[in-house]
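Written below as structure tokens is the structure these notes are about.
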Amino acid sequence: MTNHAFLADCRARLAFDLLSNTWNAVVLWALRDGPSRPVELRERIGGISSKVLTETLRRLQFNGLIDRHAHPGTPARVAYELTPLGRTLLTPIDAVGAWAFEHGDEVMAAQETACVRRTGASGEAGRQH
């Protein structure tokens with residue numbers, strides 16, 4: 001029997017697809033302490049545009065990871081919060097964050113080495129012609 005864990009229709013791939021979008025995990029993590037309005041999320045996250053935040057919130061809501069609550073009034077107020085399903089992703093997100101904290105310097109060093117090799121290789125190729 002072969003292992004089909006990463007085929008297009010498998011559940012593991014679904015989870016990887018959810019977390020492969022940079023902003024999905026960031027927004028989920030930003031909501032870990034409770035409901036937040038979009039303006040609060042933008043301030044907490046930093047570097048995310050209103051458009052990207054809105055797209056991310058819609059995507060997370062579509063996938064059942066967050067709920068949207070509209071509060072009546074003028075102007076209308078909207079807040080988002082994690083669903084119980086969304087809350088289950090906090091542990092894996094925390095684990096990936098801990099891995100990045102522990103190994104991030106190693107990854108960046110490998111990237112730098114690869115860039116130097118690539119630049120050096122293309123520079124040598126240019127000199128040989």
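We label chains A, B, ... in the order they appear in the structure tokens, count residues from 1 in each chain, and number ligands from 1 in the order shown.
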
Enumerate, as an mmCIF file with all heavy atoms, in the first residue's frame, the complete set of residues in segment 7-79 of chain A that a backbone-based DSSP assignment places in helix (DSSP H, G or I).
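Produced file result05.cif, reproduced below:
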data_model
loop_
_atom_site.group_PDB
_atom_site.id
_atom_site.type_symbol
_atom_site.label_atom_id
_atom_site.label_comp_id
_atom_site.auth_asym_id
_atom_site.auth_seq_id
_atom_site.Cartn_x
_atom_site.Cartn_y
_atom_site.Cartn_z
ATOM 1 N N ARG A 11 -6.269 15.485 3.218
ATOM 2 C CA ARG A 11 -6.468 16.448 4.294
ATOM 3 C C ARG A 11 -5.165 17.109 4.740
ATOM 4 O O ARG A 11 -5.153 18.271 5.133
ATOM 5 C CB ARG A 11 -7.161 15.764 5.464
ATOM 6 C CG ARG A 11 -8.617 15.498 5.157
ATOM 7 C CD ARG A 11 -9.323 14.842 6.351
ATOM 8 N NE ARG A 11 -10.733 14.761 6.111
ATOM 9 C CZ ARG A 11 -11.349 13.692 5.614
ATOM 10 N NH1 ARG A 11 -10.648 12.621 5.309
ATOM 11 N NH2 ARG A 11 -12.643 13.691 5.439
ATOM 12 N N ALA A 12 -4.059 16.374 4.692
ATOM 13 C CA ALA A 12 -2.779 16.970 5.094
ATOM 14 C C ALA A 12 -2.430 18.118 4.158
ATOM 15 O O ALA A 12 -1.979 19.182 4.592
ATOM 16 C CB ALA A 12 -1.670 15.921 5.080
ATOM 17 N N ARG A 13 -2.645 17.935 2.884
ATOM 18 C CA ARG A 13 -2.347 19.005 1.923
ATOM 19 C C ARG A 13 -3.267 20.201 2.154
ATOM 20 O O ARG A 13 -2.849 21.345 2.002
ATOM 21 C CB ARG A 13 -2.471 18.477 0.503
ATOM 22 C CG ARG A 13 -1.997 19.484 -0.504
ATOM 23 C CD ARG A 13 -1.589 18.829 -1.777
ATOM 24 N NE ARG A 13 -1.385 19.842 -2.793
ATOM 25 C CZ ARG A 13 -1.299 19.580 -4.060
ATOM 26 N NH1 ARG A 13 -1.378 18.336 -4.484
ATOM 27 N NH2 ARG A 13 -1.110 20.541 -4.922
ATOM 28 N N LEU A 14 -4.502 19.945 2.521
ATOM 29 C CA LEU A 14 -5.421 21.028 2.850
ATOM 30 C C LEU A 14 -4.849 21.885 3.973
ATOM 31 O O LEU A 14 -4.837 23.115 3.895
ATOM 32 C CB LEU A 14 -6.786 20.455 3.269
ATOM 33 C CG LEU A 14 -7.776 21.450 3.886
ATOM 34 C CD1 LEU A 14 -8.366 22.327 2.794
ATOM 35 C CD2 LEU A 14 -8.863 20.708 4.623
ATOM 36 N N ALA A 15 -4.343 21.240 5.007
ATOM 37 C CA ALA A 15 -3.759 21.970 6.141
ATOM 38 C C ALA A 15 -2.530 22.761 5.708
ATOM 39 O O ALA A 15 -2.359 23.921 6.091
ATOM 40 C CB ALA A 15 -3.398 21.003 7.267
ATOM 41 N N PHE A 16 -1.659 22.149 4.891
ATOM 42 C CA PHE A 16 -0.473 22.859 4.417
ATOM 43 C C PHE A 16 -0.866 24.051 3.552
ATOM 44 O O PHE A 16 -0.252 25.110 3.620
ATOM 45 C CB PHE A 16 0.461 21.926 3.652
ATOM 46 C CG PHE A 16 1.150 20.924 4.534
ATOM 47 C CD1 PHE A 16 1.127 19.576 4.216
ATOM 48 C CD2 PHE A 16 1.815 21.322 5.684
ATOM 49 C CE1 PHE A 16 1.754 18.647 5.029
ATOM 50 C CE2 PHE A 16 2.446 20.403 6.508
ATOM 51 C CZ PHE A 16 2.417 19.062 6.179
ATOM 52 N N ASP A 17 -1.898 23.882 2.731
ATOM 53 C CA ASP A 17 -2.360 24.986 1.905
ATOM 54 C C ASP A 17 -2.875 26.139 2.768
ATOM 55 O O ASP A 17 -2.624 27.306 2.479
ATOM 56 C CB ASP A 17 -3.460 24.532 0.936
ATOM 57 C CG ASP A 17 -2.931 23.712 -0.224
ATOM 58 O OD1 ASP A 17 -1.705 23.718 -0.466
ATOM 59 O OD2 ASP A 17 -3.747 23.041 -0.881
ATOM 60 N N LEU A 18 -3.587 25.817 3.842
ATOM 61 C CA LEU A 18 -4.094 26.859 4.741
ATOM 62 C C LEU A 18 -2.954 27.655 5.375
ATOM 63 O O LEU A 18 -3.028 28.865 5.527
ATOM 64 C CB LEU A 18 -4.959 26.253 5.848
ATOM 65 C CG LEU A 18 -6.378 25.888 5.485
ATOM 66 C CD1 LEU A 18 -7.024 25.125 6.628
ATOM 67 C CD2 LEU A 18 -7.176 27.128 5.138
ATOM 68 N N LEU A 19 -1.897 26.961 5.755
ATOM 69 C CA LEU A 19 -0.799 27.621 6.444
ATOM 70 C C LEU A 19 0.277 28.150 5.500
ATOM 71 O O LEU A 19 1.158 28.887 5.933
ATOM 72 C CB LEU A 19 -0.182 26.685 7.480
ATOM 73 C CG LEU A 19 -1.111 26.362 8.650
ATOM 74 C CD1 LEU A 19 -0.451 25.384 9.602
ATOM 75 C CD2 LEU A 19 -1.551 27.620 9.374
ATOM 76 N N SER A 20 0.189 27.816 4.211
ATOM 77 C CA SER A 20 1.219 28.288 3.285
ATOM 78 C C SER A 20 1.063 29.767 2.965
ATOM 79 O O SER A 20 2.031 30.425 2.601
ATOM 80 C CB SER A 20 1.212 27.461 1.997
ATOM 81 O OG SER A 20 0.025 27.705 1.267
ATOM 82 N N THR A 22 1.192 33.303 3.934
ATOM 83 C CA THR A 22 1.863 34.000 5.033
ATOM 84 C C THR A 22 0.880 34.659 5.993
ATOM 85 O O THR A 22 1.013 34.532 7.210
ATOM 86 C CB THR A 22 2.801 35.090 4.476
ATOM 87 O OG1 THR A 22 3.750 34.462 3.634
ATOM 88 C CG2 THR A 22 3.488 35.853 5.588
ATOM 89 N N TRP A 23 -0.104 35.341 5.447
ATOM 90 C CA TRP A 23 -0.980 36.140 6.300
ATOM 91 C C TRP A 23 -1.983 35.303 7.076
ATOM 92 O O TRP A 23 -2.458 35.737 8.136
ATOM 93 C CB TRP A 23 -1.679 37.218 5.473
ATOM 94 C CG TRP A 23 -0.693 38.205 4.936
ATOM 95 C CD1 TRP A 23 -0.360 38.413 3.636
ATOM 96 C CD2 TRP A 23 0.113 39.111 5.697
ATOM 97 N NE1 TRP A 23 0.602 39.389 3.531
ATOM 98 C CE2 TRP A 23 0.914 39.841 4.789
ATOM 99 C CE3 TRP A 23 0.261 39.373 7.058
ATOM 100 C CZ2 TRP A 23 1.819 40.806 5.195
ATOM 101 C CZ3 TRP A 23 1.166 40.348 7.462
ATOM 102 C CH2 TRP A 23 1.926 41.041 6.544
ATOM 103 N N ASN A 24 -2.342 34.116 6.599
ATOM 104 C CA ASN A 24 -3.304 33.296 7.341
ATOM 105 C C ASN A 24 -2.824 33.039 8.763
ATOM 106 O O ASN A 24 -3.540 33.305 9.735
ATOM 107 C CB ASN A 24 -3.535 31.951 6.643
ATOM 108 C CG ASN A 24 -4.406 32.061 5.414
ATOM 109 O OD1 ASN A 24 -4.925 33.118 5.086
ATOM 110 N ND2 ASN A 24 -4.557 30.954 4.713
ATOM 111 N N ALA A 25 -1.618 32.514 8.900
ATOM 112 C CA ALA A 25 -1.094 32.193 10.232
ATOM 113 C C ALA A 25 -0.909 33.450 11.066
ATOM 114 O O ALA A 25 -1.184 33.452 12.273
ATOM 115 C CB ALA A 25 0.221 31.429 10.108
ATOM 116 N N VAL A 26 -0.468 34.532 10.448
ATOM 117 C CA VAL A 26 -0.236 35.779 11.176
ATOM 118 C C VAL A 26 -1.547 36.317 11.745
ATOM 119 O O VAL A 26 -1.620 36.718 12.921
ATOM 120 C CB VAL A 26 0.446 36.827 10.263
ATOM 121 C CG1 VAL A 26 0.512 38.188 10.926
ATOM 122 C CG2 VAL A 26 1.837 36.349 9.853
ATOM 123 N N VAL A 27 -2.597 36.322 10.931
ATOM 124 C CA VAL A 27 -3.897 36.830 11.398
ATOM 125 C C VAL A 27 -4.470 35.908 12.469
ATOM 126 O O VAL A 27 -4.991 36.388 13.490
ATOM 127 C CB VAL A 27 -4.875 37.027 10.220
ATOM 128 C CG1 VAL A 27 -6.280 37.331 10.716
ATOM 129 C CG2 VAL A 27 -4.379 38.150 9.309
ATOM 130 N N LEU A 28 -4.370 34.608 12.272
ATOM 131 C CA LEU A 28 -4.850 33.682 13.309
ATOM 132 C C LEU A 28 -4.132 33.937 14.626
ATOM 133 O O LEU A 28 -4.756 33.983 15.693
ATOM 134 C CB LEU A 28 -4.661 32.229 12.862
ATOM 135 C CG LEU A 28 -5.569 31.754 11.734
ATOM 136 C CD1 LEU A 28 -5.117 30.394 11.221
ATOM 137 C CD2 LEU A 28 -7.025 31.707 12.178
ATOM 138 N N TRP A 29 -2.816 34.111 14.561
ATOM 139 C CA TRP A 29 -2.030 34.356 15.774
ATOM 140 C C TRP A 29 -2.432 35.677 16.421
ATOM 141 O O TRP A 29 -2.528 35.782 17.642
ATOM 142 C CB TRP A 29 -0.537 34.330 15.448
ATOM 143 C CG TRP A 29 0.310 34.299 16.674
ATOM 144 C CD1 TRP A 29 1.045 35.331 17.191
ATOM 145 C CD2 TRP A 29 0.504 33.201 17.568
ATOM 146 N NE1 TRP A 29 1.686 34.936 18.337
ATOM 147 C CE2 TRP A 29 1.363 33.629 18.592
ATOM 148 C CE3 TRP A 29 0.025 31.894 17.588
ATOM 149 C CZ2 TRP A 29 1.768 32.804 19.627
ATOM 150 C CZ3 TRP A 29 0.425 31.077 18.624
ATOM 151 C CH2 TRP A 29 1.288 31.534 19.621
ATOM 152 N N ALA A 30 -2.702 36.682 15.593
ATOM 153 C CA ALA A 30 -3.098 37.999 16.118
ATOM 154 C C ALA A 30 -4.451 37.943 16.819
ATOM 155 O O ALA A 30 -4.734 38.771 17.693
ATOM 156 C CB ALA A 30 -3.133 39.030 14.991
ATOM 157 N N PRO A 38 -10.826 45.098 12.520
ATOM 158 C CA PRO A 38 -9.792 45.145 11.484
ATOM 159 C C PRO A 38 -8.711 46.198 11.737
ATOM 160 O O PRO A 38 -7.522 45.916 11.554
ATOM 161 C CB PRO A 38 -10.580 45.439 10.207
ATOM 162 C CG PRO A 38 -11.926 44.830 10.466
ATOM 163 C CD PRO A 38 -12.169 45.071 11.938
ATOM 164 N N VAL A 39 -9.093 47.372 12.185
ATOM 165 C CA VAL A 39 -8.089 48.415 12.441
ATOM 166 C C VAL A 39 -7.126 47.992 13.547
ATOM 167 O O VAL A 39 -5.926 48.250 13.474
ATOM 168 C CB VAL A 39 -8.760 49.779 12.750
ATOM 169 C CG1 VAL A 39 -9.499 49.761 14.078
ATOM 170 C CG2 VAL A 39 -7.750 50.898 12.689
ATOM 171 N N GLU A 40 -7.632 47.289 14.548
ATOM 172 C CA GLU A 40 -6.773 46.779 15.618
ATOM 173 C C GLU A 40 -5.826 45.702 15.088
ATOM 174 O O GLU A 40 -4.656 45.664 15.474
ATOM 175 C CB GLU A 40 -7.631 46.203 16.756
ATOM 176 C CG GLU A 40 -8.497 47.231 17.459
ATOM 177 C CD GLU A 40 -9.574 46.614 18.325
ATOM 178 O OE1 GLU A 40 -9.937 45.427 18.139
ATOM 179 O OE2 GLU A 40 -10.085 47.338 19.198
ATOM 180 N N LEU A 41 -6.343 44.855 14.208
ATOM 181 C CA LEU A 41 -5.503 43.813 13.623
ATOM 182 C C LEU A 41 -4.374 44.419 12.796
ATOM 183 O O LEU A 41 -3.230 43.992 12.885
ATOM 184 C CB LEU A 41 -6.339 42.857 12.762
ATOM 185 C CG LEU A 41 -7.253 41.914 13.523
ATOM 186 C CD1 LEU A 41 -8.204 41.204 12.574
ATOM 187 C CD2 LEU A 41 -6.435 40.915 14.331
ATOM 188 N N ARG A 42 -4.693 45.434 11.977
ATOM 189 C CA ARG A 42 -3.662 46.083 11.158
ATOM 190 C C ARG A 42 -2.579 46.695 12.035
ATOM 191 O O ARG A 42 -1.394 46.596 11.729
ATOM 192 C CB ARG A 42 -4.278 47.156 10.254
ATOM 193 C CG ARG A 42 -4.824 46.608 8.963
ATOM 194 C CD ARG A 42 -5.077 47.678 7.919
ATOM 195 N NE ARG A 42 -5.642 48.914 8.412
ATOM 196 C CZ ARG A 42 -6.944 49.146 8.576
ATOM 197 N NH1 ARG A 42 -7.821 48.223 8.283
ATOM 198 N NH2 ARG A 42 -7.370 50.307 9.042
ATOM 199 N N GLU A 43 -2.980 47.324 13.131
ATOM 200 C CA GLU A 43 -2.003 47.924 14.054
ATOM 201 C C GLU A 43 -1.148 46.851 14.715
ATOM 202 O O GLU A 43 0.060 47.004 14.846
ATOM 203 C CB GLU A 43 -2.725 48.749 15.125
ATOM 204 C CG GLU A 43 -3.351 50.016 14.601
ATOM 205 C CD GLU A 43 -4.236 50.704 15.637
ATOM 206 O OE1 GLU A 43 -4.337 50.214 16.786
ATOM 207 O OE2 GLU A 43 -4.842 51.733 15.286
ATOM 208 N N ARG A 44 -1.770 45.765 15.123
ATOM 209 C CA ARG A 44 -1.057 44.687 15.814
ATOM 210 C C ARG A 44 -0.095 43.963 14.866
ATOM 211 O O ARG A 44 1.017 43.619 15.249
ATOM 212 C CB ARG A 44 -2.059 43.697 16.404
ATOM 213 C CG ARG A 44 -1.430 42.683 17.348
ATOM 214 C CD ARG A 44 -2.448 41.812 18.039
ATOM 215 N NE ARG A 44 -3.461 42.618 18.689
ATOM 216 C CZ ARG A 44 -4.758 42.312 18.719
ATOM 217 N NH1 ARG A 44 -5.196 41.221 18.153
ATOM 218 N NH2 ARG A 44 -5.621 43.088 19.332
ATOM 219 N N ILE A 45 -0.532 43.739 13.643
ATOM 220 C CA ILE A 45 0.256 42.971 12.693
ATOM 221 C C ILE A 45 1.348 43.820 12.055
ATOM 222 O O ILE A 45 2.505 43.420 11.996
ATOM 223 C CB ILE A 45 -0.658 42.356 11.605
ATOM 224 C CG1 ILE A 45 -1.576 41.314 12.239
ATOM 225 C CG2 ILE A 45 0.166 41.759 10.472
ATOM 226 C CD1 ILE A 45 -2.694 40.831 11.337
ATOM 227 N N SER A 50 -4.901 47.088 4.045
ATOM 228 C CA SER A 50 -6.326 46.850 4.323
ATOM 229 C C SER A 50 -6.891 45.822 3.362
ATOM 230 O O SER A 50 -7.665 44.948 3.767
ATOM 231 C CB SER A 50 -7.115 48.152 4.187
ATOM 232 O OG SER A 50 -6.723 49.056 5.174
ATOM 233 N N LYS A 51 -6.503 45.910 2.102
ATOM 234 C CA LYS A 51 -6.998 44.976 1.086
ATOM 235 C C LYS A 51 -6.574 43.540 1.404
ATOM 236 O O LYS A 51 -7.398 42.619 1.375
ATOM 237 C CB LYS A 51 -6.470 45.374 -0.287
ATOM 238 C CG LYS A 51 -6.903 44.446 -1.396
ATOM 239 C CD LYS A 51 -6.295 44.859 -2.731
ATOM 240 C CE LYS A 51 -6.774 43.935 -3.817
ATOM 241 N NZ LYS A 51 -5.727 43.261 -4.514
ATOM 242 N N VAL A 52 -5.303 43.342 1.716
ATOM 243 C CA VAL A 52 -4.808 41.992 2.020
ATOM 244 C C VAL A 52 -5.436 41.470 3.305
ATOM 245 O O VAL A 52 -5.787 40.291 3.400
ATOM 246 C CB VAL A 52 -3.268 41.975 2.077
ATOM 247 C CG1 VAL A 52 -2.747 40.651 2.598
ATOM 248 C CG2 VAL A 52 -2.694 42.274 0.694
ATOM 249 N N LEU A 53 -5.598 42.328 4.294
ATOM 250 C CA LEU A 53 -6.242 41.904 5.537
ATOM 251 C C LEU A 53 -7.674 41.456 5.264
ATOM 252 O O LEU A 53 -8.098 40.400 5.742
ATOM 253 C CB LEU A 53 -6.218 43.016 6.580
ATOM 254 C CG LEU A 53 -6.929 42.685 7.895
ATOM 255 C CD1 LEU A 53 -6.309 41.471 8.585
ATOM 256 C CD2 LEU A 53 -6.912 43.898 8.821
ATOM 257 N N THR A 54 -8.413 42.233 4.477
ATOM 258 C CA THR A 54 -9.794 41.875 4.154
ATOM 259 C C THR A 54 -9.851 40.539 3.421
ATOM 260 O O THR A 54 -10.674 39.671 3.746
ATOM 261 C CB THR A 54 -10.447 42.981 3.302
ATOM 262 O OG1 THR A 54 -10.478 44.185 4.067
ATOM 263 C CG2 THR A 54 -11.863 42.613 2.885
ATOM 264 N N GLU A 55 -8.969 40.340 2.453
ATOM 265 C CA GLU A 55 -8.919 39.063 1.717
ATOM 266 C C GLU A 55 -8.609 37.905 2.661
ATOM 267 O O GLU A 55 -9.213 36.829 2.568
ATOM 268 C CB GLU A 55 -7.863 39.124 0.614
ATOM 269 C CG GLU A 55 -8.214 40.053 -0.520
ATOM 270 C CD GLU A 55 -7.044 40.303 -1.467
ATOM 271 O OE1 GLU A 55 -5.901 39.869 -1.171
ATOM 272 O OE2 GLU A 55 -7.269 40.948 -2.499
ATOM 273 N N THR A 56 -7.672 38.128 3.562
ATOM 274 C CA THR A 56 -7.277 37.081 4.508
ATOM 275 C C THR A 56 -8.419 36.751 5.459
ATOM 276 O O THR A 56 -8.705 35.571 5.704
ATOM 277 C CB THR A 56 -6.019 37.513 5.290
ATOM 278 O OG1 THR A 56 -4.984 37.819 4.357
ATOM 279 C CG2 THR A 56 -5.560 36.421 6.242
ATOM 280 N N LEU A 57 -9.078 37.768 5.980
ATOM 281 C CA LEU A 57 -10.206 37.535 6.887
ATOM 282 C C LEU A 57 -11.315 36.763 6.177
ATOM 283 O O LEU A 57 -11.894 35.837 6.758
ATOM 284 C CB LEU A 57 -10.734 38.871 7.421
ATOM 285 C CG LEU A 57 -9.798 39.593 8.395
ATOM 286 C CD1 LEU A 57 -10.266 41.021 8.630
ATOM 287 C CD2 LEU A 57 -9.677 38.841 9.705
ATOM 288 N N ARG A 58 -11.596 37.106 4.936
ATOM 289 C CA ARG A 58 -12.628 36.384 4.181
ATOM 290 C C ARG A 58 -12.226 34.925 3.960
ATOM 291 O O ARG A 58 -13.057 34.020 4.072
ATOM 292 C CB ARG A 58 -12.879 37.071 2.842
ATOM 293 C CG ARG A 58 -13.639 38.370 2.992
ATOM 294 C CD ARG A 58 -13.847 39.050 1.667
ATOM 295 N NE ARG A 58 -14.553 40.312 1.866
ATOM 296 C CZ ARG A 58 -14.564 41.293 0.993
ATOM 297 N NH1 ARG A 58 -13.928 41.178 -0.163
ATOM 298 N NH2 ARG A 58 -15.227 42.405 1.254
ATOM 299 N N ARG A 59 -10.955 34.702 3.625
ATOM 300 C CA ARG A 59 -10.462 33.346 3.393
ATOM 301 C C ARG A 59 -10.551 32.512 4.675
ATOM 302 O O ARG A 59 -10.986 31.359 4.658
ATOM 303 C CB ARG A 59 -9.024 33.409 2.878
ATOM 304 C CG ARG A 59 -8.412 32.089 2.503
ATOM 305 C CD ARG A 59 -7.048 32.223 1.833
ATOM 306 N NE ARG A 59 -6.141 33.161 2.471
ATOM 307 C CZ ARG A 59 -5.804 34.364 1.963
ATOM 308 N NH1 ARG A 59 -6.284 34.771 0.816
ATOM 309 N NH2 ARG A 59 -4.968 35.153 2.619
ATOM 310 N N LEU A 60 -10.154 33.098 5.797
ATOM 311 C CA LEU A 60 -10.201 32.381 7.071
ATOM 312 C C LEU A 60 -11.638 32.096 7.494
ATOM 313 O O LEU A 60 -11.937 31.029 8.037
ATOM 314 C CB LEU A 60 -9.460 33.177 8.146
ATOM 315 C CG LEU A 60 -7.952 33.321 7.934
ATOM 316 C CD1 LEU A 60 -7.357 34.272 8.957
ATOM 317 C CD2 LEU A 60 -7.262 31.969 7.968
ATOM 318 N N GLN A 61 -12.535 33.046 7.227
ATOM 319 C CA GLN A 61 -13.943 32.834 7.544
ATOM 320 C C GLN A 61 -14.524 31.743 6.648
ATOM 321 O O GLN A 61 -15.243 30.857 7.128
ATOM 322 C CB GLN A 61 -14.720 34.134 7.366
ATOM 323 C CG GLN A 61 -16.170 34.039 7.793
ATOM 324 C CD GLN A 61 -16.917 35.349 7.621
ATOM 325 O OE1 GLN A 61 -16.439 36.290 6.998
ATOM 326 N NE2 GLN A 61 -18.106 35.409 8.181
ATOM 327 N N PHE A 62 -14.204 31.761 5.370
ATOM 328 C CA PHE A 62 -14.667 30.737 4.423
ATOM 329 C C PHE A 62 -14.262 29.338 4.883
ATOM 330 O O PHE A 62 -15.015 28.383 4.734
ATOM 331 C CB PHE A 62 -14.095 31.031 3.029
ATOM 332 C CG PHE A 62 -14.399 29.976 2.013
ATOM 333 C CD1 PHE A 62 -15.647 29.925 1.393
ATOM 334 C CD2 PHE A 62 -13.453 29.026 1.665
ATOM 335 C CE1 PHE A 62 -15.937 28.946 0.449
ATOM 336 C CE2 PHE A 62 -13.735 28.045 0.729
ATOM 337 C CZ PHE A 62 -14.980 28.006 0.117
#

Taking a cut-off of 8 Å and counting only C-alpha atoms, can you build a table that, for each residue of segment 22-74 of chain A near segment 78-99 of chain A, reports the nearest atom pair and how far apart they are in Å (one decimal), sorted by chain then residue number, as a Markdown table?
| residue | atom | partner | partner_atom | distance |
| --- | --- | --- | --- | --- |
| A:Ala25 | CA | A:Ile93 | CA | 6.6 |
| A:Leu28 | CA | A:Leu82 | CA | 7.1 |
| A:Trp29 | CA | A:Leu90 | CA | 6.6 |
| A:Leu31 | CA | A:Glu81 | CA | 6.1 |
| A:Arg32 | CA | A:Leu82 | CA | 7.1 |
| A:Gly34 | CA | A:Glu81 | CA | 6.0 |
| A:Pro35 | CA | A:Glu81 | CA | 4.3 |
| A:Ser36 | CA | A:Ala79 | CA | 5.1 |
| A:Arg37 | CA | A:Ala79 | CA | 4.3 |
| A:Pro38 | CA | A:Ala79 | CA | 6.9 |
| A:Gly64 | CA | A:Leu85 | CA | 7.0 |
| A:Leu65 | CA | A:Gly86 | CA | 3.9 |
| A:Ile66 | CA | A:Leu82 | CA | 4.3 |
| A:Asp67 | CA | A:Glu81 | CA | 5.4 |
| A:Arg68 | CA | A:Tyr80 | CA | 4.6 |
| A:His69 | CA | A:Ala79 | CA | 5.2 |
| A:Ala70 | CA | A:Val78 | CA | 4.4 |
| A:His71 | CA | A:Val78 | CA | 6.0 |

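Scanning chain A with DSSP on the backbone, the strand (DSSP E or B) assignments fall on Ser36, Ile66, Asp67, Arg68, His69, Ala70, His71, Arg77, Val78, Ala79, Tyr80, Glu81 and Leu82 of chain A.
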